[in-house]
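> Hey, dropping model10.cif in here, mmCIF, C-alpha atoms:
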data_work
#
loop_
_atom_site.label_atom_id
_atom_site.label_comp_id
_atom_site.auth_asym_id
_atom_site.auth_seq_id
_atom_site.Cartn_x
_atom_site.Cartn_y
_atom_site.Cartn_z
CA MET A 1 -57.79 -21.73 33.02
CA SER A 2 -60.39 -19.83 31.01
CA LYS A 3 -62.96 -22.06 29.33
CA LEU A 4 -66.56 -22.43 28.24
CA PHE A 5 -68.94 -24.28 30.54
CA LEU A 6 -72.15 -25.80 29.15
CA VAL A 7 -74.63 -25.72 32.03
CA PRO A 8 -78.08 -27.41 31.92
CA THR A 9 -80.96 -25.68 33.69
CA PRO A 10 -84.25 -27.17 34.95
CA ILE A 11 -86.98 -27.88 32.41
CA GLY A 12 -89.61 -27.01 34.99
CA ASN A 13 -88.91 -28.11 38.55
CA LEU A 14 -86.23 -25.86 40.08
CA ASN A 15 -85.17 -28.70 42.40
CA ASP A 16 -83.58 -30.35 39.36
CA MET A 17 -80.83 -27.70 39.34
CA THR A 18 -77.61 -29.37 40.48
CA PHE A 19 -75.29 -28.02 43.17
CA ARG A 20 -72.47 -28.08 40.64
CA ALA A 21 -74.48 -26.02 38.15
CA VAL A 22 -75.25 -23.35 40.75
CA GLN A 23 -71.63 -23.13 41.85
CA THR A 24 -70.38 -22.96 38.26
CA LEU A 25 -72.74 -20.10 37.42
CA LYS A 26 -71.53 -18.25 40.51
CA ASP A 27 -67.87 -18.77 39.64
CA VAL A 28 -67.76 -17.81 35.94
CA ASP A 29 -67.19 -14.27 34.70
CA ILE A 30 -70.10 -14.16 32.23
CA ILE A 31 -73.29 -16.17 31.74
CA LEU A 32 -74.52 -16.45 28.15
CA ALA A 33 -78.30 -16.74 28.29
CA GLU A 34 -80.84 -17.48 25.57
CA ASP A 35 -83.31 -15.03 27.14
CA THR A 36 -81.90 -12.90 29.94
CA ARG A 37 -85.40 -12.20 31.29
CA VAL A 38 -86.16 -15.90 31.69
CA SER A 39 -82.73 -16.73 33.08
CA GLY A 40 -82.83 -13.72 35.38
CA LYS A 41 -85.61 -15.38 37.40
CA LEU A 42 -83.54 -18.56 37.72
CA LEU A 43 -80.42 -16.69 38.82
CA LYS A 44 -82.39 -14.65 41.34
CA HIS A 45 -83.86 -17.83 42.85
CA PHE A 46 -80.39 -19.30 43.41
CA GLU A 47 -78.85 -15.97 44.45
CA ILE A 48 -76.47 -15.86 41.50
CA ASP A 49 -75.32 -12.35 40.62
CA THR A 50 -72.96 -13.15 37.74
CA PRO A 51 -73.44 -10.74 34.79
CA MET A 52 -75.44 -12.06 31.84
CA LYS A 53 -75.18 -11.47 28.11
CA SER A 54 -77.72 -12.59 25.52
CA TYR A 55 -76.79 -15.45 23.18
CA HIS A 56 -79.53 -16.86 20.97
CA GLN A 57 -80.25 -18.06 17.43
CA HIS A 58 -80.60 -14.52 16.10
CA ASN A 59 -77.21 -13.24 17.28
CA GLU A 60 -75.02 -16.31 17.66
CA HIS A 61 -73.25 -15.87 14.30
CA HIS A 62 -72.34 -12.31 15.25
CA LYS A 63 -71.34 -12.98 18.86
CA THR A 64 -69.46 -16.28 18.65
CA ASP A 65 -66.12 -14.80 17.59
CA ILE A 66 -66.42 -12.07 20.24
CA ILE A 67 -67.04 -14.68 22.95
CA ILE A 68 -64.11 -16.84 21.86
CA LYS A 69 -61.82 -13.82 21.90
CA ALA A 70 -62.96 -12.94 25.43
CA ILE A 71 -62.32 -16.49 26.65
CA LYS A 72 -58.88 -16.51 25.08
CA ASN A 73 -58.20 -13.22 26.89
CA GLY A 74 -58.87 -14.91 30.22
CA GLN A 75 -62.64 -14.72 30.81
CA THR A 76 -64.60 -17.83 31.76
CA HIS A 77 -68.09 -18.14 30.24
CA ALA A 78 -71.07 -20.39 30.93
CA LEU A 79 -73.75 -21.07 28.33
CA ILE A 80 -77.30 -21.77 29.46
CA SER A 81 -80.61 -22.06 27.61
CA ASP A 82 -84.08 -21.12 28.83
CA ALA A 83 -84.61 -24.72 29.94
CA GLY A 84 -82.66 -27.96 29.61
CA THR A 85 -79.25 -28.65 28.12
CA PRO A 86 -77.63 -26.13 25.76
CA ALA A 87 -77.39 -27.20 22.11
CA ILE A 88 -80.23 -29.75 22.41
CA SER A 89 -82.85 -28.03 20.19
CA ASP A 90 -81.37 -24.78 21.53
CA PRO A 91 -78.40 -22.55 20.65
CA GLY A 92 -74.96 -23.94 21.45
CA PHE A 93 -73.70 -26.12 18.61
CA LEU A 94 -72.10 -23.25 16.69
CA LEU A 95 -70.28 -21.93 19.76
CA VAL A 96 -69.02 -25.39 20.74
CA ARG A 97 -67.79 -26.12 17.22
CA GLU A 98 -65.96 -22.82 16.95
CA CYS A 99 -64.45 -23.18 20.44
CA ILE A 100 -63.07 -26.57 19.44
CA ALA A 101 -61.62 -25.08 16.25
CA ALA A 102 -60.05 -22.25 18.29
CA ASP A 103 -58.61 -24.69 20.87
CA VAL A 104 -60.77 -23.27 23.66
CA GLN A 105 -61.39 -25.71 26.49
CA ILE A 106 -65.02 -26.82 27.01
CA GLU A 107 -66.58 -28.47 30.04
CA SER A 108 -70.09 -29.88 29.80
CA LEU A 109 -72.12 -30.47 32.96
CA PRO A 110 -74.76 -33.22 33.15
CA GLY A 111 -78.33 -32.21 33.84
CA ALA A 112 -81.92 -31.90 32.71
CA THR A 113 -82.97 -32.83 29.16
CA ALA A 114 -86.65 -33.34 28.37
CA PHE A 115 -86.36 -36.31 26.02
CA VAL A 116 -84.60 -38.61 28.53
CA PRO A 117 -87.43 -38.97 31.10
CA ALA A 118 -89.98 -39.09 28.26
CA LEU A 119 -88.11 -41.97 26.64
CA ILE A 120 -87.51 -44.08 29.71
CA ASN A 121 -91.11 -43.88 30.94
CA SER A 122 -92.62 -44.49 27.49
CA GLY A 123 -92.50 -48.27 27.70
CA LEU A 124 -91.07 -48.36 24.16
CA PRO A 125 -87.70 -49.94 23.32
CA ASN A 126 -84.89 -47.64 24.42
CA ASP A 127 -81.76 -49.71 23.86
CA LYS A 128 -81.43 -47.86 20.56
CA PHE A 129 -83.23 -44.63 19.70
CA VAL A 130 -83.10 -41.54 17.47
CA PHE A 131 -83.61 -37.98 18.70
CA GLU A 132 -85.04 -35.79 15.93
CA GLY A 133 -86.04 -32.66 17.86
CA PHE A 134 -88.58 -30.48 16.05
CA LEU A 135 -89.79 -31.51 12.60
CA PRO A 136 -89.16 -29.00 9.80
CA VAL A 137 -92.08 -26.57 9.63
CA LYS A 138 -92.30 -26.42 5.82
CA LYS A 139 -89.25 -27.17 3.68
CA GLY A 140 -88.06 -30.73 4.19
CA ARG A 141 -91.00 -31.81 6.35
CA GLN A 142 -92.39 -34.29 3.82
CA THR A 143 -88.95 -35.80 3.21
CA LYS A 144 -88.29 -36.16 6.94
CA LEU A 145 -91.64 -37.87 7.53
CA GLU A 146 -90.89 -40.32 4.71
CA GLU A 147 -87.54 -41.10 6.34
CA LEU A 148 -89.11 -41.62 9.75
CA ALA A 149 -91.69 -44.01 8.28
CA LYS A 150 -88.78 -46.39 7.56
CA GLU A 151 -86.99 -45.87 10.89
CA ARG A 152 -86.75 -49.14 12.85
CA ARG A 153 -85.56 -47.57 16.09
CA THR A 154 -87.72 -45.69 18.58
CA PHE A 155 -87.58 -42.01 17.67
CA ILE A 156 -88.28 -38.83 19.61
CA LEU A 157 -89.81 -35.52 18.56
CA TYR A 158 -90.41 -32.22 20.32
CA GLU A 159 -93.61 -30.34 19.51
CA SER A 160 -95.45 -27.20 20.56
CA PRO A 161 -99.15 -27.26 21.56
CA TYR A 162 -99.99 -25.27 18.42
CA LYS A 163 -98.66 -27.89 16.00
CA LEU A 164 -99.29 -31.12 17.93
CA ILE A 165 -102.51 -32.11 16.13
CA LYS A 166 -101.03 -31.36 12.71
CA THR A 167 -97.96 -33.42 13.54
CA LEU A 168 -100.06 -36.36 14.77
CA LYS A 169 -102.07 -36.26 11.54
CA ASN A 170 -98.86 -36.19 9.48
CA LEU A 171 -97.44 -39.11 11.45
CA GLY A 172 -100.64 -41.09 11.00
CA GLU A 173 -100.54 -40.52 7.24
CA HIS A 174 -96.93 -41.66 6.89
CA LEU A 175 -96.52 -44.25 9.66
CA GLY A 176 -100.05 -45.59 9.93
CA GLU A 177 -102.55 -44.72 12.63
CA ASP A 178 -101.85 -47.91 14.60
CA ARG A 179 -98.22 -46.98 15.32
CA GLN A 180 -97.63 -46.76 19.08
CA VAL A 181 -96.68 -43.44 20.64
CA SER A 182 -96.04 -42.09 24.13
CA ILE A 183 -96.71 -38.38 24.58
CA SER A 184 -95.36 -36.53 27.61
CA ARG A 185 -96.27 -32.94 28.44
CA GLU A 186 -95.06 -30.43 31.02
CA LEU A 187 -92.34 -32.77 32.29
CA THR A 188 -91.26 -32.11 35.92
CA LYS A 189 -93.99 -29.47 36.28
CA LEU A 190 -97.23 -29.47 38.31
CA TYR A 191 -99.40 -30.79 35.46
CA GLU A 192 -96.95 -33.38 34.11
CA GLU A 193 -98.76 -36.05 32.13
CA THR A 194 -97.87 -39.01 29.91
CA LEU A 195 -100.37 -40.64 27.56
CA ARG A 196 -99.69 -43.87 25.67
CA GLY A 197 -101.49 -45.53 22.79
CA SER A 198 -101.81 -45.52 19.01
CA ILE A 199 -101.43 -42.38 16.94
CA LYS A 200 -105.16 -42.63 16.21
CA GLU A 201 -106.00 -42.74 19.91
CA MET A 202 -103.70 -39.82 20.72
CA LEU A 203 -105.14 -37.75 17.87
CA SER A 204 -108.68 -38.41 19.10
CA HIS A 205 -107.71 -37.39 22.62
CA PHE A 206 -106.11 -34.09 21.69
CA GLU A 207 -108.87 -33.19 19.26
CA THR A 208 -111.22 -33.17 22.26
CA HIS A 209 -108.69 -31.95 24.87
CA LYS A 210 -106.92 -28.77 23.76
CA PRO A 211 -103.15 -29.32 23.80
CA LYS A 212 -101.41 -27.30 26.51
CA GLY A 213 -97.74 -27.17 27.43
CA GLU A 214 -94.64 -28.43 25.66
CA PHE A 215 -94.72 -31.98 24.28
CA VAL A 216 -92.26 -34.84 23.79
CA LEU A 217 -93.41 -37.59 21.40
CA VAL A 218 -91.76 -41.01 21.67
CA ILE A 219 -92.74 -43.14 18.69
CA SER A 220 -92.13 -46.84 18.08
CA GLY A 221 -90.00 -47.84 15.12
CA GLN A 222 -91.25 -49.67 12.05
#
Would you write out, as structure tokens, the structure that this file holds?


Amino acid sequence: MSKLFLVPTPIGNLNDMTFRAVQTLKDVDIILAEDTRVSGKLLKHFEIDTPMKSYHQHNEHHKTDIIIKAIKNGQTHALISDAGTPAISDPGFLLVRECIAADVQIESLPGATAFVPALINSGLPNDKFVFEGFLPVKKGRQTKLEELAKERRTFILYESPYKLIKTLKNLGEHLGEDRQVSISRELTKLYEETLRGSIKEMLSHFETHKPKGEFVLVISGQ
């Protein structure tokens, strides 16, 4: 039966690719990739020669209906992102929603997601938590920070190295500099690192050590 597969890819360490994910990508008719150049290296490593088509935030509104039509005509597609699980701070939600509306079958494979290892090794309460992804860059940023200042559950943010210091300053202003935070960078990669302490301590560290890599911030609730 034709369907859409949602296939996680490694966030760094290629050994985190599952056997099921490799086999699925070999079996489908088309792989929808966020960046075909990035995914091309992954497919080459695992000797996957399935054709790829680009599917990203700039073309998803245009391509979604075309993809659904192709699946309904008998083609099986797999959606992957550059790293991690599709639709988690990456394209995918729109396609999933429209597939459900069109009665297209969806199968989601388990796999790598950056915020899970960051959360469980943070030492902060994880029985209940909130995943926020990236903070708004401009519009809505202030409102979101005010909301998070009242959040009682542990919450998780993604951040780039270019905005990390600004985000830590914003968090300190709204949450207080003594709020506890765990910051993980380059998860599963050679230079993986997790630092824990107050927002003030983390800000001091990264003001003297230039931020490098992709970051996951796990922050204690109010």

> Hey, which of A:Lys128, A:Lys41, A:Lys53, A:Lys63 ends up closest to Ala83 (chain A)? Count only C-alpha atoms.

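Among A:Lys128, A:Lys41, A:Lys53, A:Lys63, it is A:Lys41 that comes nearest to Ala83 (chain A).
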
> When distances are computed from only C-alpha atoms, which of A:Leu190, A:Ala87, A:Ile183, A:Ala78 shows the smallest separation from Ala118 (chain A)?

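Using only C-alpha atoms, Ala118 (chain A) sits closest to A:Ile183.
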
> If you count all atoms listed in the file, which residues fall within 12 Å of Pro86 (chain A), apart from same-chain ones fewer than 2 positions away, as a PyMOL selection string?

chain A and resi 4-11+32-34+55-57+78-84+88-96+108-114

> Once you have the residues from the selection above, write them out as a PDB file, keeping the file's coordinate frame, restricted to C-alpha atoms.


ATOM      1  CA  LEU A   4     -66.560 -22.430  28.240  1.00  0.00           C
ATOM      2  CA  PHE A   5     -68.940 -24.280  30.540  1.00  0.00           C
ATOM      3  CA  LEU A   6     -72.150 -25.800  29.150  1.00  0.00           C
ATOM      4  CA  VAL A   7     -74.630 -25.720  32.030  1.00  0.00           C
ATOM      5  CA  PRO A   8     -78.080 -27.410  31.920  1.00  0.00           C
ATOM      6  CA  THR A   9     -80.960 -25.680  33.690  1.00  0.00           C
ATOM      7  CA  PRO A  10     -84.250 -27.170  34.950  1.00  0.00           C
ATOM      8  CA  ILE A  11     -86.980 -27.880  32.410  1.00  0.00           C
ATOM      9  CA  LEU A  32     -74.520 -16.450  28.150  1.00  0.00           C
ATOM     10  CA  ALA A  33     -78.300 -16.740  28.290  1.00  0.00           C
ATOM     11  CA  GLU A  34     -80.840 -17.480  25.570  1.00  0.00           C
ATOM     12  CA  TYR A  55     -76.790 -15.450  23.180  1.00  0.00           C
ATOM     13  CA  HIS A  56     -79.530 -16.860  20.970  1.00  0.00           C
ATOM     14  CA  GLN A  57     -80.250 -18.060  17.430  1.00  0.00           C
ATOM     15  CA  ALA A  78     -71.070 -20.390  30.930  1.00  0.00           C
ATOM     16  CA  LEU A  79     -73.750 -21.070  28.330  1.00  0.00           C
ATOM     17  CA  ILE A  80     -77.300 -21.770  29.460  1.00  0.00           C
ATOM     18  CA  SER A  81     -80.610 -22.060  27.610  1.00  0.00           C
ATOM     19  CA  ASP A  82     -84.080 -21.120  28.830  1.00  0.00           C
ATOM     20  CA  ALA A  83     -84.610 -24.720  29.940  1.00  0.00           C
ATOM     21  CA  GLY A  84     -82.660 -27.960  29.610  1.00  0.00           C
ATOM     22  CA  ILE A  88     -80.230 -29.750  22.410  1.00  0.00           C
ATOM     23  CA  SER A  89     -82.850 -28.030  20.190  1.00  0.00           C
ATOM     24  CA  ASP A  90     -81.370 -24.780  21.530  1.00  0.00           C
ATOM     25  CA  PRO A  91     -78.400 -22.550  20.650  1.00  0.00           C
ATOM     26  CA  GLY A  92     -74.960 -23.940  21.450  1.00  0.00           C
ATOM     27  CA  PHE A  93     -73.700 -26.120  18.610  1.00  0.00           C
ATOM     28  CA  LEU A  94     -72.100 -23.250  16.690  1.00  0.00           C
ATOM     29  CA  LEU A  95     -70.280 -21.930  19.760  1.00  0.00           C
ATOM     30  CA  VAL A  96     -69.020 -25.390  20.740  1.00  0.00           C
ATOM     31  CA  SER A 108     -70.090 -29.880  29.800  1.00  0.00           C
ATOM     32  CA  LEU A 109     -72.120 -30.470  32.960  1.00  0.00           C
ATOM     33  CA  PRO A 110     -74.760 -33.220  33.150  1.00  0.00           C
ATOM     34  CA  GLY A 111     -78.330 -32.210  33.840  1.00  0.00           C
ATOM     35  CA  ALA A 112     -81.920 -31.900  32.710  1.00  0.00           C
ATOM     36  CA  THR A 113     -82.970 -32.830  29.160  1.00  0.00           C
ATOM     37  CA  ALA A 114     -86.650 -33.340  28.370  1.00  0.00           C
TER      38      ALA A 114
END

> For Gly176 (chain A), find every residue with an atom within 9 Å (counting only C-alpha atoms), except residues of its own chain fewer than 5 positions away, and show them as a PyMOL selection string.

chain A and resi 149+171+199-200

> With distances taken over all atoms listed in the file, which residue among A:Glu192, A:Gln75, A:Ile100, A:Thr167 lies nearest Lys138 (chain A)?

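So, comparing all the options, the nearest one is A:Thr167.
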
> Enumerate, as an MDAnalysis selection string, the protein, DNA and RNA residues whose atoms approach (-57.0, -15.0, 32.9) to within 7 Å, taking into account all atoms listed in the file and the coordinate frame of the file.

chainID A and resid 1:2 73:75

> Please compute the CA of Phe46 (chain A)-CA of Ala70 (chain A) distance, one decimal, in Å.

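Separation of CA of Phe46 (chain A) and CA of Ala70 (chain A): 25.8 Å.
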
> Please compute the CA of Ser39 (chain A)-CA of Thr188 (chain A) distance, one decimal, in Å.

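Computed distance, CA of Ser39 (chain A) to CA of Thr188 (chain A), equals 17.8 Å.
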
> Return as JSON the centre and edge lengths, in Å with one decimal, of the box along x, y and z that encloses every atom of region 132-141 of chain A in the file, padded by 5 Å per side.


{"center_x": -88.7, "center_y": -31.1, "center_z": 10.8, "size_x": 17.3, "size_y": 19.4, "size_z": 24.2}

> Could you list, as a PDB file with C-alpha atoms, keeping the file's coordinate frame, every residue matched by the PyMOL selection byres ((chain A and resi 156) around 6) in this structure?


ATOM      1  CA  PHE A 131     -83.610 -37.980  18.700  1.00  0.00           C
ATOM      2  CA  GLU A 132     -85.040 -35.790  15.930  1.00  0.00           C
ATOM      3  CA  PHE A 155     -87.580 -42.010  17.670  1.00  0.00           C
ATOM      4  CA  LEU A 157     -89.810 -35.520  18.560  1.00  0.00           C
ATOM      5  CA  LEU A 217     -93.410 -37.590  21.400  1.00  0.00           C
ATOM      6  CA  VAL A 218     -91.760 -41.010  21.670  1.00  0.00           C
TER       7      VAL A 218
END

> Between CA of Lys3 (chain A) and CA of Ala102 (chain A), what is the distance, to one decimal in Å?

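So the answer is 11.4 Å.
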
> Which residues are close to Met202 (chain A), i.e. within 12 Å by all atoms listed in the file, leaving aside same-chain residues fewer than 2 positions away? Reply as a ChimeraX atom specification.

/A:164-169,171-172,177-184,194-200,204-211,217,219

> Measuring between only C-alpha atoms, which one of A:Ile48, A:Leu203, A:Leu42, A:Leu119 shows the shortest distance to Asp27 (chain A)?

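Closest candidate: A:Ile48.
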
> List the neighbours of Glu47 (chain A) out to 12 Å using all atoms listed in the file; skip same-chain residues closer than 5 positions along the sequence, and give me the result as a PyMOL selection string.

chain A and resi 22-23+25-26+40-42

> Counting all atoms listed in the file, note down every residue that has an atom within 6 Å of the point (-58.4, -23.8, 24.8) (file coordinates), as an mmCIF file with C-alpha atoms, in the coordinates of the input.


data_model
loop_
_atom_site.group_PDB
_atom_site.id
_atom_site.type_symbol
_atom_site.label_atom_id
_atom_site.label_comp_id
_atom_site.auth_asym_id
_atom_site.auth_seq_id
_atom_site.Cartn_x
_atom_site.Cartn_y
_atom_site.Cartn_z
ATOM 1 C CA ASP A 103 -58.610 -24.690 20.870
ATOM 2 C CA VAL A 104 -60.770 -23.270 23.660
ATOM 3 C CA GLN A 105 -61.390 -25.710 26.490
#

> Closest to Glu186 (chain A) among A:Lys163, A:Arg97, A:His174, A:Lys212, using only C-alpha atoms?

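Once distances to Glu186 (chain A) are computed over only C-alpha atoms, the minimum belongs to A:Lys212.
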
> Applying the PyMOL selection byres ((chain A and resi 159) around 7) to the file I just gave you, which residues come out? Please list them as number ranges by chain.

A: 134, 157-158, 160-161, 163-164, 214-216

> Just write the chosen residues, C-alpha atoms, as a CSV table (one decimal), in the frame of the given file.


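Written file, selection.csv:
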chain,number,residue,atom,x,y,z
A,134,PHE,CA,-88.6,-30.5,16.0
A,157,LEU,CA,-89.8,-35.5,18.6
A,158,TYR,CA,-90.4,-32.2,20.3
A,160,SER,CA,-95.4,-27.2,20.6
A,161,PRO,CA,-99.2,-27.3,21.6
A,163,LYS,CA,-98.7,-27.9,16.0
A,164,LEU,CA,-99.3,-31.1,17.9
A,214,GLU,CA,-94.6,-28.4,25.7
A,215,PHE,CA,-94.7,-32.0,24.3
A,216,VAL,CA,-92.3,-34.8,23.8
